[in-house]
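J.: Contents of protein_1.txt (compact mmCIF, N, CA and C atoms) are given next:
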```txt
# COMPACT_ATOMS: atom_id res chain seq x y z
N MET A 178 74.68 86.70 79.55
CA MET A 178 74.34 87.26 80.84
C MET A 178 73.36 88.42 80.62
N SER A 179 72.29 88.43 81.37
CA SER A 179 71.28 89.46 81.22
C SER A 179 71.73 90.76 81.88
N LEU A 180 71.10 91.84 81.50
CA LEU A 180 71.41 93.14 82.12
C LEU A 180 71.13 93.11 83.62
N ARG A 181 70.10 92.42 84.00
CA ARG A 181 69.76 92.33 85.42
C ARG A 181 70.87 91.61 86.20
N ALA A 182 71.35 90.49 85.66
CA ALA A 182 72.42 89.74 86.32
C ALA A 182 73.71 90.56 86.35
N LEU A 183 74.00 91.26 85.27
CA LEU A 183 75.19 92.10 85.22
C LEU A 183 75.10 93.24 86.24
N SER A 184 73.95 93.86 86.34
CA SER A 184 73.75 94.95 87.31
C SER A 184 73.93 94.45 88.74
N GLU A 185 73.38 93.30 89.01
CA GLU A 185 73.52 92.71 90.34
C GLU A 185 74.98 92.40 90.65
N ALA A 186 75.69 91.87 89.66
CA ALA A 186 77.11 91.54 89.84
C ALA A 186 77.94 92.80 90.11
N ILE A 187 77.62 93.88 89.42
CA ILE A 187 78.35 95.14 89.62
C ILE A 187 78.17 95.63 91.05
N ILE A 188 76.94 95.64 91.52
CA ILE A 188 76.67 96.13 92.89
C ILE A 188 77.33 95.23 93.92
N LEU A 189 77.24 93.93 93.74
CA LEU A 189 77.87 93.01 94.69
C LEU A 189 79.39 93.16 94.69
N GLN A 190 79.97 93.37 93.52
CA GLN A 190 81.43 93.56 93.45
C GLN A 190 81.84 94.85 94.14
N GLN A 191 81.05 95.90 93.97
CA GLN A 191 81.36 97.16 94.64
C GLN A 191 81.26 97.03 96.15
N LEU A 192 80.29 96.26 96.63
CA LEU A 192 80.19 96.01 98.07
C LEU A 192 81.41 95.24 98.56
N GLU A 193 81.84 94.25 97.79
CA GLU A 193 83.01 93.47 98.17
C GLU A 193 84.27 94.34 98.17
N ASP A 194 84.37 95.24 97.20
CA ASP A 194 85.55 96.11 97.11
C ASP A 194 85.69 97.05 98.31
N LEU A 195 84.63 97.26 99.04
CA LEU A 195 84.71 98.10 100.23
C LEU A 195 85.66 97.52 101.27
N TYR A 196 85.83 96.20 101.26
CA TYR A 196 86.71 95.54 102.21
C TYR A 196 88.19 95.66 101.84
N ASP A 197 88.47 96.01 100.62
CA ASP A 197 89.86 96.15 100.15
C ASP A 197 90.24 97.62 100.21
N GLU A 198 91.18 97.96 101.08
CA GLU A 198 91.51 99.36 101.29
C GLU A 198 92.02 100.04 100.02
N ARG A 199 92.48 99.27 99.03
CA ARG A 199 92.92 99.86 97.77
C ARG A 199 91.75 100.34 96.93
N HIS A 200 90.53 99.82 97.19
CA HIS A 200 89.37 100.13 96.36
C HIS A 200 88.22 100.80 97.13
N THR A 201 88.40 101.02 98.42
CA THR A 201 87.32 101.56 99.24
C THR A 201 86.81 102.90 98.73
N ALA A 202 87.72 103.83 98.47
CA ALA A 202 87.31 105.17 98.03
C ALA A 202 86.56 105.10 96.70
N GLU A 203 87.08 104.29 95.79
CA GLU A 203 86.45 104.15 94.48
C GLU A 203 85.04 103.55 94.60
N SER A 204 84.92 102.58 95.47
CA SER A 204 83.62 101.93 95.66
C SER A 204 82.61 102.88 96.30
N LEU A 205 83.05 103.61 97.31
CA LEU A 205 82.15 104.60 97.94
C LEU A 205 81.71 105.66 96.93
N GLU A 206 82.62 106.03 96.06
CA GLU A 206 82.29 107.01 95.01
C GLU A 206 81.20 106.45 94.08
N PHE A 207 81.31 105.15 93.77
CA PHE A 207 80.31 104.51 92.92
C PHE A 207 78.92 104.62 93.54
N PHE A 208 78.81 104.33 94.85
CA PHE A 208 77.50 104.34 95.49
C PHE A 208 76.90 105.74 95.60
N SER A 209 77.71 106.76 95.48
CA SER A 209 77.16 108.12 95.53
C SER A 209 77.06 108.74 94.13
N SER A 210 77.25 107.92 93.10
CA SER A 210 77.25 108.44 91.73
C SER A 210 75.98 108.08 90.97
N GLU A 211 75.91 108.64 89.80
CA GLU A 211 74.81 108.34 88.88
C GLU A 211 74.91 106.89 88.40
N GLY A 212 76.13 106.35 88.39
CA GLY A 212 76.33 104.96 87.97
C GLY A 212 75.55 103.99 88.84
N PHE A 213 75.55 104.23 90.16
CA PHE A 213 74.78 103.37 91.05
C PHE A 213 73.29 103.53 90.78
N SER A 214 72.85 104.76 90.59
CA SER A 214 71.43 105.00 90.31
C SER A 214 70.98 104.26 89.05
N GLN A 215 71.81 104.32 88.01
CA GLN A 215 71.45 103.65 86.75
C GLN A 215 71.49 102.12 86.91
N THR A 216 72.49 101.64 87.63
CA THR A 216 72.60 100.20 87.85
C THR A 216 71.41 99.70 88.67
N ALA A 217 71.06 100.44 89.70
CA ALA A 217 69.92 100.08 90.54
C ALA A 217 68.61 100.14 89.75
N ALA A 218 68.50 101.09 88.84
CA ALA A 218 67.31 101.20 88.00
C ALA A 218 67.17 99.98 87.10
N LEU A 219 68.29 99.50 86.57
CA LEU A 219 68.24 98.29 85.74
C LEU A 219 67.77 97.08 86.54
N LEU A 220 68.06 97.08 87.84
CA LEU A 220 67.60 96.00 88.71
C LEU A 220 66.14 96.19 89.14
N GLY A 221 65.62 97.39 88.93
CA GLY A 221 64.25 97.67 89.34
C GLY A 221 64.14 98.02 90.81
N LEU A 222 65.22 98.50 91.41
CA LEU A 222 65.18 98.86 92.83
C LEU A 222 64.50 100.21 93.01
N ASP A 223 63.64 100.31 94.01
CA ASP A 223 63.01 101.59 94.30
C ASP A 223 63.94 102.42 95.21
N ALA A 224 63.52 103.63 95.51
CA ALA A 224 64.36 104.54 96.29
C ALA A 224 64.70 103.98 97.67
N ARG A 225 63.74 103.32 98.29
CA ARG A 225 63.98 102.76 99.62
C ARG A 225 65.06 101.67 99.57
N GLU A 226 64.98 100.81 98.57
CA GLU A 226 65.97 99.74 98.43
C GLU A 226 67.36 100.31 98.12
N ARG A 227 67.40 101.36 97.33
CA ARG A 227 68.68 102.01 97.03
C ARG A 227 69.30 102.61 98.30
N MET A 228 68.46 103.23 99.12
CA MET A 228 68.95 103.82 100.37
C MET A 228 69.47 102.73 101.30
N ARG A 229 68.81 101.59 101.33
CA ARG A 229 69.27 100.49 102.18
C ARG A 229 70.63 99.97 101.72
N ILE A 230 70.83 99.87 100.43
CA ILE A 230 72.13 99.42 99.90
C ILE A 230 73.21 100.46 100.20
N MET A 231 72.89 101.73 100.06
CA MET A 231 73.86 102.79 100.36
C MET A 231 74.22 102.78 101.85
N ALA A 232 73.24 102.55 102.71
CA ALA A 232 73.50 102.46 104.15
C ALA A 232 74.38 101.25 104.45
N LEU A 233 74.11 100.14 103.77
CA LEU A 233 74.93 98.95 103.94
C LEU A 233 76.37 99.22 103.51
N ALA A 234 76.54 99.91 102.40
CA ALA A 234 77.89 100.25 101.92
C ALA A 234 78.62 101.11 102.95
N THR A 235 77.94 102.04 103.55
CA THR A 235 78.56 102.90 104.57
C THR A 235 78.97 102.08 105.78
N ARG A 236 78.10 101.18 106.23
CA ARG A 236 78.44 100.33 107.39
C ARG A 236 79.62 99.42 107.08
N ILE A 237 79.64 98.85 105.89
CA ILE A 237 80.75 97.97 105.51
C ILE A 237 82.06 98.75 105.49
N SER A 238 82.04 99.95 104.91
CA SER A 238 83.28 100.72 104.82
C SER A 238 83.78 101.13 106.20
N ARG A 239 82.88 101.48 107.11
CA ARG A 239 83.30 101.82 108.48
C ARG A 239 83.90 100.61 109.18
N HIS A 240 83.26 99.46 109.02
CA HIS A 240 83.77 98.24 109.63
C HIS A 240 85.14 97.88 109.05
N ALA A 241 85.28 97.99 107.74
CA ALA A 241 86.55 97.65 107.10
C ALA A 241 87.65 98.60 107.54
N GLN A 242 87.34 99.88 107.71
CA GLN A 242 88.35 100.83 108.17
C GLN A 242 88.83 100.48 109.58
N LYS A 243 87.92 100.06 110.44
CA LYS A 243 88.31 99.65 111.79
C LYS A 243 89.22 98.44 111.73
N GLN A 244 88.90 97.49 110.84
CA GLN A 244 89.72 96.30 110.71
C GLN A 244 91.12 96.63 110.19
N HIS A 245 91.21 97.59 109.26
CA HIS A 245 92.51 97.97 108.72
C HIS A 245 93.37 98.62 109.80
N LYS A 246 92.75 99.38 110.68
CA LYS A 246 93.49 100.05 111.75
C LYS A 246 94.00 99.06 112.79
N ARG A 247 93.26 97.99 113.02
CA ARG A 247 93.65 96.98 114.02
C ARG A 247 94.78 96.09 113.54
N ARG A 248 94.88 95.91 112.24
CA ARG A 248 95.85 94.99 111.68
C ARG A 248 97.27 95.53 111.89
N PRO A 249 98.18 94.70 112.39
CA PRO A 249 99.56 95.15 112.56
C PRO A 249 100.20 95.49 111.22
N ARG A 250 101.18 96.34 111.25
CA ARG A 250 101.82 96.79 110.02
C ARG A 250 102.46 95.66 109.24
N TYR A 251 102.94 94.66 109.93
CA TYR A 251 103.63 93.57 109.24
C TYR A 251 102.70 92.46 108.78
N ALA A 252 101.40 92.62 108.97
CA ALA A 252 100.45 91.58 108.57
C ALA A 252 100.58 91.29 107.08
N GLY A 253 100.61 90.04 106.76
CA GLY A 253 100.67 89.65 105.36
C GLY A 253 102.08 89.58 104.80
N ARG A 254 103.06 90.03 105.55
CA ARG A 254 104.45 89.99 105.08
C ARG A 254 105.13 88.75 105.64
N ALA A 255 106.07 88.28 104.91
CA ALA A 255 106.83 87.12 105.39
C ALA A 255 107.74 87.55 106.54
N PHE A 256 107.91 86.69 107.47
CA PHE A 256 108.82 86.96 108.59
C PHE A 256 110.24 86.87 108.05
N THR A 257 111.01 87.92 108.20
CA THR A 257 112.33 87.97 107.56
C THR A 257 113.48 88.00 108.55
N SER A 258 113.26 87.58 109.77
CA SER A 258 114.35 87.54 110.73
C SER A 258 115.41 86.55 110.28
N PRO A 259 116.68 86.94 110.34
CA PRO A 259 117.73 86.01 109.94
C PRO A 259 117.78 84.78 110.85
N HIS A 260 117.25 84.90 112.05
CA HIS A 260 117.24 83.79 112.98
C HIS A 260 116.21 82.73 112.59
N ALA A 261 115.24 83.12 111.78
CA ALA A 261 114.19 82.19 111.38
C ALA A 261 114.58 81.37 110.15
N LEU A 262 115.62 81.81 109.45
CA LEU A 262 116.04 81.11 108.24
C LEU A 262 116.97 79.95 108.61
N PRO A 263 116.91 78.87 107.89
CA PRO A 263 117.82 77.77 108.18
C PRO A 263 119.25 78.17 107.86
N ALA A 264 120.17 77.65 108.65
CA ALA A 264 121.58 77.95 108.42
C ALA A 264 122.03 77.31 107.12
N SER A 265 122.88 78.02 106.40
CA SER A 265 123.38 77.45 105.16
C SER A 265 124.40 76.36 105.50
N PRO A 266 124.42 75.32 104.72
CA PRO A 266 125.36 74.23 105.02
C PRO A 266 126.80 74.71 104.88
N SER A 267 127.63 74.28 105.78
CA SER A 267 129.04 74.69 105.70
C SER A 267 129.79 73.69 104.86
N ARG A 268 130.73 74.19 104.11
CA ARG A 268 131.53 73.34 103.24
C ARG A 268 132.84 73.00 103.94
N THR A 269 133.18 71.79 103.93
CA THR A 269 134.45 71.39 104.55
C THR A 269 135.38 70.77 103.57
```
Could I get this file's structure written as structure tokens?
T.:
Amino acid sequence: MSLRALSEAIILQQLEDLYDERHTAESLEFFSSEGFSQTAALLGLDARERMRIMALATRISRHAQKQHKRRPRYAGRAFTSPHALPASPSRT
């Protein structure tokens, strides 16, 4: 894998991580760090392109935060009502 492909993969992964609330803060930190600047330099991105990616990261994180707030607390959890479980067979 070339440095260019690796740099592109890093940036794309960081953008994807913005959607995961466990990694949002870490990803936003990456885009405001020297690491992003160095990764973007390896890709040959100029200042304007870097600013566009940073703006995209900000928009994604805002959108993801709104989605996290809308999601009900029980989303993703199994329904655990005893009424939903099948009755155990009775022994006679």
J.: Compare A:Ala217, A:Ser184, A:Phe208, A:Lys243 by their minimum atom-to-atom distance to A:Met231, counting all atoms listed in the file, and give me the closest one.
T.: A:Phe208
J.: How many Å lie between atom CA of A:Thr216 and atom C of A:Met178, rounded to one decimal?
T.: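 Distance between the two atoms: 13.8 Å.
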J.: Need to verify the contact set: A:Gln242, 8 Å, only N, CA and C atoms, exclusion of same-chain residues closer than 4 positions in sequence. Can you return it as a PyMOL selection string?
T.: chain A and resi 195-196+198+236-238+246-247
J.: Can you write just those residues out, N, CA and C atoms, as a compact mmCIF listing (two decimals), keeping the file's coordinate frame?
T.:
```txt
# COMPACT_ATOMS: atom_id res chain seq x y z
N LEU A 195 84.63 97.26 99.04
CA LEU A 195 84.71 98.10 100.23
C LEU A 195 85.66 97.52 101.27
N TYR A 196 85.83 96.20 101.26
CA TYR A 196 86.71 95.54 102.21
C TYR A 196 88.19 95.66 101.84
N GLU A 198 91.18 97.96 101.08
CA GLU A 198 91.51 99.36 101.29
C GLU A 198 92.02 100.04 100.02
N ARG A 236 78.10 101.18 106.23
CA ARG A 236 78.44 100.33 107.39
C ARG A 236 79.62 99.42 107.08
N ILE A 237 79.64 98.85 105.89
CA ILE A 237 80.75 97.97 105.51
C ILE A 237 82.06 98.75 105.49
N SER A 238 82.04 99.95 104.91
CA SER A 238 83.28 100.72 104.82
C SER A 238 83.78 101.13 106.20
N LYS A 246 92.75 99.38 110.68
CA LYS A 246 93.49 100.05 111.75
C LYS A 246 94.00 99.06 112.79
N ARG A 247 93.26 97.99 113.02
CA ARG A 247 93.65 96.98 114.02
C ARG A 247 94.78 96.09 113.54
```
J.: Between atom N of A:Arg239 and atom C of A:Asp223, what is the distance in Å, rounded to a tenth?
T.: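 So the answer is 22.4 Å.
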J.: Please compute the atom CA of A:Glu206-atom C of A:Gln190 distance, one decimal, in Å.
T.: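 These atoms are spaced 12.2 Å apart.
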